[in-house]
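Asks: Quick one: structure below, then a few questions.
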2 protein chains.
Amino acid sequence: MDPKTDTRSRILNIAEASVLKKGFEATSIEEIVAGADISRGGFFYHFKDKNALARAMLQRYIDAENALYDDLFARARELNDDPLHCMLIGLKLLAEMLTDMPEGHPGCVIAATAYQDRLFDEGVRDLNRQAILGWRTRFRGMFEEIAAVYEPKEPINMDALGDMVSSVVEGGLVLQRALREHNNASQQIMLLRTYLKLLFAQRQI
Amino acid sequence: MDPKTDTRSRILNIAEASVLKKGFEATSIEEIVAGADISRGGFFYHFKDKNALARAMLQRYIDAENALYDDLFARARELNDDPLHCMLIGLKLLAEMLTDMPEGHPGCVIAATAYQDRLFDEGVRDLNRQAILGWRTRFRGMFEEIAAVYEPKEPINMDALGDMVSSVVEGGLVLQRALREHNNASQQIMLLRTYLKLLFAQRQI
DNA sequence: TCCTTACTGTACCGCGAGTCCAGTTAGCAG
DNA sequence: CTGCTAACTGGACTCGCGGTACAGTAAGGA
């Protein structure tokens, strides 16, 4: 509440809005401090440099994304207890969520970070890495549950399949950003959904 | 031959090597001119600014990528005249090609460009856009040929399916770059290959 | 009263992009 | 041989941005 005590959060909010709109590099410290109504000195009091800001933002983003996945698949699970159908519903929900964002998804920070090596230090890149590995584990687990019930029609590398969710989202977001269209990511997720239907369905063990 | 007359190409070569290794932003004009053994003035004689350099490099990259696809699928066609099998062979060749690169693929310039809005002007972004739209058309055409012979087992948006090739490559490269692994892109392409097998095979019209 | 937290404000540095411009060198055209 | 142009060199300079340094201050608790 007290504007003095939550300056750090205010900085993060302002920075996040600007970074999602224009990219990290395009967001100058100057404009952050202007938006948060503090001095440059104040900024560096909270973050020793731009990398510290990046780390904090990335951590926030990853936490939000994880919470989103938790929520999405929890809701899917309520609707259907079967692991395959739960996954299919979850992906549908994810696709819908991406379509509903009028501006399109803010363009995953993961890719932005991956493609700006120099700008970020090892800590930032490591956060990034851990997040992706976390998603790999999450989805591989779900796919293994599915495979325990439905025999896959083709042999599949489960790690790669786990990665495919992130990969499809990231790839879709790259297209979306480059093409300035707004539903590529959601379309690609729907294609992945079809893939999983073909791969697992109709051969219950 | 004459070092004086092909300075422009020399600049592009030096710049490309450095950009693929460290990223566009991390490549300073200073180091390009040092590598090409010219002066800063000489650089700006050939390229009015860094954007002009980016445009030239991107165009080169896109041309090379298109030539690669032409070659790959031409070779695949020689091996098998059926459109589905041609596609499957082509994707296998592509995956192998990506694995064979010891350093991994140079990390597609498309994504790098998409995620650095401020750095590039409209011209660069438009080149990027046209390239992806070109690949959409290319692959949609191939998928339509396949669909004329093999009825897809699930209804499919052909534009999205065309995009899926680029999307899977881009997504895989993002993972690869973020994880510092080296075969994610090729694995994702192999998954796409399996997808197409499941979607089209065994239902010849 | 003293210490700490959370700043403000100002001055300053280095780096890289980009500009300007005067001068040089090589080659070709008349 | 003259003159013109392309392809530079070299140096000085501006600007924005990240980052440093540090002195001072206002507010709140022990």
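Chain labels run A, B, ... following the order of the structure tokens; each chain numbers its residues from 1, and ligands are numbered from 1 in the order shown.
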Using only C-alpha atoms, I'd like every residue of chain B that has an atom within 8 Å of chain A; please write them out as an NGL selection string.
Replies: :B and (22-23 or 25-26 or 110-119 or 125 or 128-129 or 132-133 or 154 or 156 or 160-161 or 164 or 166-172 or 174-175 or 177-179 or 184 or 187-188 or 191 or 194-195 or 198-199)
Asks: Could those selected residues go to a file with C-alpha atoms, as a compact mmCIF listing (two decimals), in the first residue's frame?
Replies:
# COMPACT_ATOMS: atom_id res chain seq x y z
CA LYS B 22 27.09 -13.89 -30.56
CA GLY B 23 23.92 -12.33 -31.87
CA GLU B 25 23.30 -6.78 -30.98
CA ALA B 26 26.50 -8.17 -29.53
CA ILE B 110 14.02 -15.18 -37.87
CA ALA B 111 13.34 -15.52 -34.16
CA ALA B 112 16.22 -13.25 -33.26
CA THR B 113 14.79 -10.58 -35.52
CA ALA B 114 11.26 -11.07 -34.25
CA TYR B 115 12.34 -10.60 -30.66
CA GLN B 116 14.33 -7.42 -31.06
CA ASP B 117 11.74 -4.94 -32.20
CA ARG B 118 13.59 -1.77 -31.43
CA LEU B 119 16.81 -2.87 -33.05
CA ARG B 125 10.67 -7.00 -40.13
CA ASN B 128 11.14 -11.62 -42.04
CA ARG B 129 7.40 -11.69 -42.52
CA ILE B 132 7.68 -17.01 -43.17
CA LEU B 133 4.70 -16.47 -45.46
CA GLU B 154 -8.68 -35.44 -38.75
CA ILE B 156 -6.86 -29.85 -40.58
CA ALA B 160 -1.66 -23.76 -39.90
CA LEU B 161 -0.16 -27.08 -40.97
CA MET B 164 3.83 -25.90 -38.42
CA SER B 166 8.51 -23.28 -39.50
CA SER B 167 6.98 -23.26 -36.06
CA VAL B 168 8.50 -26.58 -35.08
CA VAL B 169 11.92 -25.55 -36.37
CA GLU B 170 11.76 -22.20 -34.61
CA GLY B 171 10.42 -23.68 -31.39
CA GLY B 172 13.08 -26.36 -31.39
CA VAL B 174 14.49 -21.67 -29.07
CA LEU B 175 14.73 -24.68 -26.74
CA ARG B 177 19.42 -22.12 -27.53
CA ALA B 178 17.93 -21.75 -24.07
CA LEU B 179 18.90 -25.22 -22.88
CA ASN B 184 16.07 -30.42 -29.76
CA GLN B 187 13.92 -34.18 -32.31
CA GLN B 188 10.96 -31.87 -32.74
CA LEU B 191 7.97 -35.69 -33.89
CA THR B 194 5.50 -38.97 -36.86
CA TYR B 195 2.51 -36.63 -36.74
CA LEU B 198 -0.33 -40.70 -38.30
CA LEU B 199 -2.37 -37.99 -39.98
Asks: Select, as a list of chain:residue names, those residues of chain D with any atom no more than 12 Å from chain A (distances computed using only C-alpha atoms (C1' of nucleotides)).
Replies: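 Therefore, the residues near the partner are D:DG16, D:DC17, D:DG18, D:DG19, D:DT20, D:DA21, D:DC22, D:DA26, D:DA27.
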Asks: Please report the interatomic distance between CA of Arg193 (chain A) and CA of Met142 (chain B) in Å with one decimal.
Replies: 21.9 Å
Asks: Counting only C-alpha atoms (C1' of nucleotides), which residues from chain C have an atom at most 12 Å from any atom of chain A, and could you show them as an NGL selection string?
Replies: :C and (5-10)
Asks: Filtering to N, CA, C and O atoms (P, O5', C5', C4', C3', O3' and C1' of nucleotides), could you give me those residues as a PDB file, in the first residue's frame?
Replies:
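Final output, saved to part-v4.pdb:
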ATOM      1  P    DT C   5      19.219  -1.646   7.067  1.00  0.00           P
ATOM      2  O5'  DT C   5      17.989  -0.885   6.392  1.00  0.00           O
ATOM      3  C5'  DT C   5      16.706  -0.955   7.016  1.00  0.00           C
ATOM      4  C4'  DT C   5      15.742  -0.103   6.212  1.00  0.00           C
ATOM      5  C3'  DT C   5      15.809  -0.319   4.702  1.00  0.00           C
ATOM      6  O3'  DT C   5      14.481  -0.351   4.220  1.00  0.00           O
ATOM      7  C1'  DT C   5      16.104   1.970   5.198  1.00  0.00           C
ATOM      8  P    DA C   6      14.189  -0.809   2.697  1.00  0.00           P
ATOM      9  O5'  DA C   6      13.921   0.583   1.995  1.00  0.00           O
ATOM     10  C5'  DA C   6      12.884   1.426   2.475  1.00  0.00           C
ATOM     11  C4'  DA C   6      13.012   2.780   1.814  1.00  0.00           C
ATOM     12  C3'  DA C   6      13.259   2.686   0.289  1.00  0.00           C
ATOM     13  O3'  DA C   6      12.398   3.585  -0.388  1.00  0.00           O
ATOM     14  C1'  DA C   6      14.828   4.102   1.274  1.00  0.00           C
ATOM     15  P    DC C   7      12.084   3.309  -1.925  1.00  0.00           P
ATOM     16  O5'  DC C   7      13.484   3.610  -2.647  1.00  0.00           O
ATOM     17  C5'  DC C   7      13.707   4.756  -3.438  1.00  0.00           C
ATOM     18  C4'  DC C   7      13.912   6.010  -2.572  1.00  0.00           C
ATOM     19  C3'  DC C   7      14.441   7.184  -3.383  1.00  0.00           C
ATOM     20  O3'  DC C   7      13.349   7.869  -3.971  1.00  0.00           O
ATOM     21  C1'  DC C   7      15.542   6.982  -1.250  1.00  0.00           C
ATOM     22  P    DT C   8      13.605   8.575  -5.351  1.00  0.00           P
ATOM     23  O5'  DT C   8      14.390   9.890  -4.936  1.00  0.00           O
ATOM     24  C5'  DT C   8      13.801  10.847  -4.059  1.00  0.00           C
ATOM     25  C4'  DT C   8      14.684  12.070  -4.002  1.00  0.00           C
ATOM     26  C3'  DT C   8      15.037  12.653  -5.380  1.00  0.00           C
ATOM     27  O3'  DT C   8      14.934  14.063  -5.326  1.00  0.00           O
ATOM     28  C1'  DT C   8      17.022  12.117  -4.204  1.00  0.00           C
ATOM     29  P    DG C   9      14.842  14.849  -6.723  1.00  0.00           P
ATOM     30  O5'  DG C   9      16.285  15.506  -6.839  1.00  0.00           O
ATOM     31  C5'  DG C   9      17.148  15.574  -5.704  1.00  0.00           C
ATOM     32  C4'  DG C   9      18.519  16.033  -6.178  1.00  0.00           C
ATOM     33  C3'  DG C   9      18.609  16.301  -7.686  1.00  0.00           C
ATOM     34  O3'  DG C   9      19.244  17.553  -7.878  1.00  0.00           O
ATOM     35  C1'  DG C   9      20.222  14.652  -7.050  1.00  0.00           C
ATOM     36  P    DT C  10      19.610  18.146  -9.283  1.00  0.00           P
ATOM     37  O5'  DT C  10      21.167  17.824  -9.387  1.00  0.00           O
ATOM     38  C5'  DT C  10      22.000  17.964  -8.236  1.00  0.00           C
ATOM     39  C4'  DT C  10      23.403  17.482  -8.565  1.00  0.00           C
ATOM     40  C3'  DT C  10      23.794  17.694 -10.032  1.00  0.00           C
ATOM     41  O3'  DT C  10      25.103  18.221 -10.087  1.00  0.00           O
ATOM     42  C1'  DT C  10      24.159  15.445  -9.423  1.00  0.00           C
TER      43       DT C  10
END
Asks: May I ask for the distance between CA of Phe200 (chain B) and CA of Ala95 (chain A), given in Å to one decimal place?
Replies: 23.8 Å
Asks: Could you tell me which of C:DC20, C:DG30, C:DA11, C:DC3 comes closest to DC1 (chain D) if we count only C-alpha atoms (C1' of nucleotides)?
Replies: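 Answer, going by the shortest atom-to-atom distance: C:DG30.
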Asks: Could you work out how far CA of Arg140 (chain B) lies from CA of Leu91 (chain A), giving the answer in Å with one decimal?
Replies: 23.9 Å
Asks: Identify, on the basis of only C-alpha atoms (C1' of nucleotides), every residue whose closest approach to Ala147 (chain B) does not exceed 10 Å; exclude the query and any residue fewer than 5 positions from it along the same chain; express the result as a PyMOL selection string.
Replies: chain B and resi 83-84+141-142+152+158+199-200+204-205
Asks: Please return as JSON, numbers by chain: the residues of chain B that backbone DSSP assigns to alpha helix (DSSP H).
Replies: {"B": [7, 8, 9, 10, 11, 12, 13, 14, 15, 16, 17, 18, 19, 20, 21, 22, 29, 30, 31, 32, 33, 34, 35, 36, 40, 41, 42, 43, 44, 45, 46, 50, 51, 52, 53, 54, 55, 56, 57, 58, 59, 60, 61, 62, 63, 64, 65, 66, 67, 68, 69, 70, 71, 72, 73, 74, 75, 76, 77, 78, 79, 83, 84, 85, 86, 87, 88, 89, 90, 91, 92, 93, 94, 95, 96, 97, 98, 99, 100, 109, 110, 111, 112, 113, 114, 122, 123, 124, 125, 126, 127, 128, 129, 130, 131, 132, 133, 134, 135, 136, 137, 138, 139, 140, 141, 142, 143, 144, 145, 146, 147, 148, 149, 158, 159, 160, 161, 162, 163, 164, 165, 166, 167, 168, 169, 170, 171, 172, 173, 174, 175, 176, 177, 178, 179, 184, 185, 186, 187, 188, 189, 190, 191, 192, 193, 194, 195, 196, 197, 198, 199, 200]}
Asks: Could you pull the residues within 12 Å of DC15 (chain D), counting only C-alpha atoms (C1' of nucleotides), minus those fewer than 5 positions along the same chain, as a list in words?
Replies: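 The filter keeps DC15, DG16, DA17, DG18 and DT19 of chain C.
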Asks: Go ahead and save the picked residues with N, CA, C and O atoms (P, O5', C5', C4', C3', O3' and C1' of nucleotides), as a PDB file, in the first residue's frame.
Replies:
ATOM      1  P    DC C  15      35.528   1.804 -22.960  1.00  0.00           P
ATOM      2  O5'  DC C  15      34.181   1.397 -23.703  1.00  0.00           O
ATOM      3  C5'  DC C  15      33.120   0.754 -22.994  1.00  0.00           C
ATOM      4  C4'  DC C  15      31.922   0.659 -23.913  1.00  0.00           C
ATOM      5  C3'  DC C  15      32.327   0.543 -25.384  1.00  0.00           C
ATOM      6  O3'  DC C  15      31.601  -0.541 -25.955  1.00  0.00           O
ATOM      7  C1'  DC C  15      30.809   2.358 -25.063  1.00  0.00           C
ATOM      8  P    DG C  16      32.079  -1.183 -27.339  1.00  0.00           P
ATOM      9  O5'  DG C  16      30.875  -0.795 -28.293  1.00  0.00           O
ATOM     10  C5'  DG C  16      29.537  -1.134 -27.930  1.00  0.00           C
ATOM     11  C4'  DG C  16      28.601  -0.263 -28.719  1.00  0.00           C
ATOM     12  C3'  DG C  16      28.982  -0.179 -30.202  1.00  0.00           C
ATOM     13  O3'  DG C  16      27.849  -0.520 -30.980  1.00  0.00           O
ATOM     14  C1'  DG C  16      28.660   1.988 -29.278  1.00  0.00           C
ATOM     15  P    DA C  17      27.836  -0.555 -32.527  1.00  0.00           P
ATOM     16  O5'  DA C  17      26.897   0.687 -32.845  1.00  0.00           O
ATOM     17  C5'  DA C  17      25.556   0.656 -32.389  1.00  0.00           C
ATOM     18  C4'  DA C  17      24.860   1.936 -32.767  1.00  0.00           C
ATOM     19  C3'  DA C  17      24.862   2.237 -34.264  1.00  0.00           C
ATOM     20  O3'  DA C  17      23.571   2.702 -34.613  1.00  0.00           O
ATOM     21  C1'  DA C  17      25.846   4.050 -33.067  1.00  0.00           C
ATOM     22  P    DG C  18      23.141   2.731 -36.148  1.00  0.00           P
ATOM     23  O5'  DG C  18      23.549   4.203 -36.559  1.00  0.00           O
ATOM     24  C5'  DG C  18      22.887   5.277 -35.907  1.00  0.00           C
ATOM     25  C4'  DG C  18      23.625   6.557 -36.197  1.00  0.00           C
ATOM     26  C3'  DG C  18      23.989   6.772 -37.680  1.00  0.00           C
ATOM     27  O3'  DG C  18      23.276   7.909 -38.136  1.00  0.00           O
ATOM     28  C1'  DG C  18      25.734   7.407 -36.224  1.00  0.00           C
ATOM     29  P    DT C  19      23.518   8.532 -39.589  1.00  0.00           P
ATOM     30  O5'  DT C  19      24.471   9.777 -39.250  1.00  0.00           O
ATOM     31  C5'  DT C  19      24.086  10.690 -38.232  1.00  0.00           C
ATOM     32  C4'  DT C  19      24.981  11.925 -38.313  1.00  0.00           C
ATOM     33  C3'  DT C  19      25.247  12.424 -39.737  1.00  0.00           C
ATOM     34  O3'  DT C  19      25.068  13.832 -39.732  1.00  0.00           O
ATOM     35  C1'  DT C  19      27.300  12.044 -38.627  1.00  0.00           C
TER      36       DT C  19
END
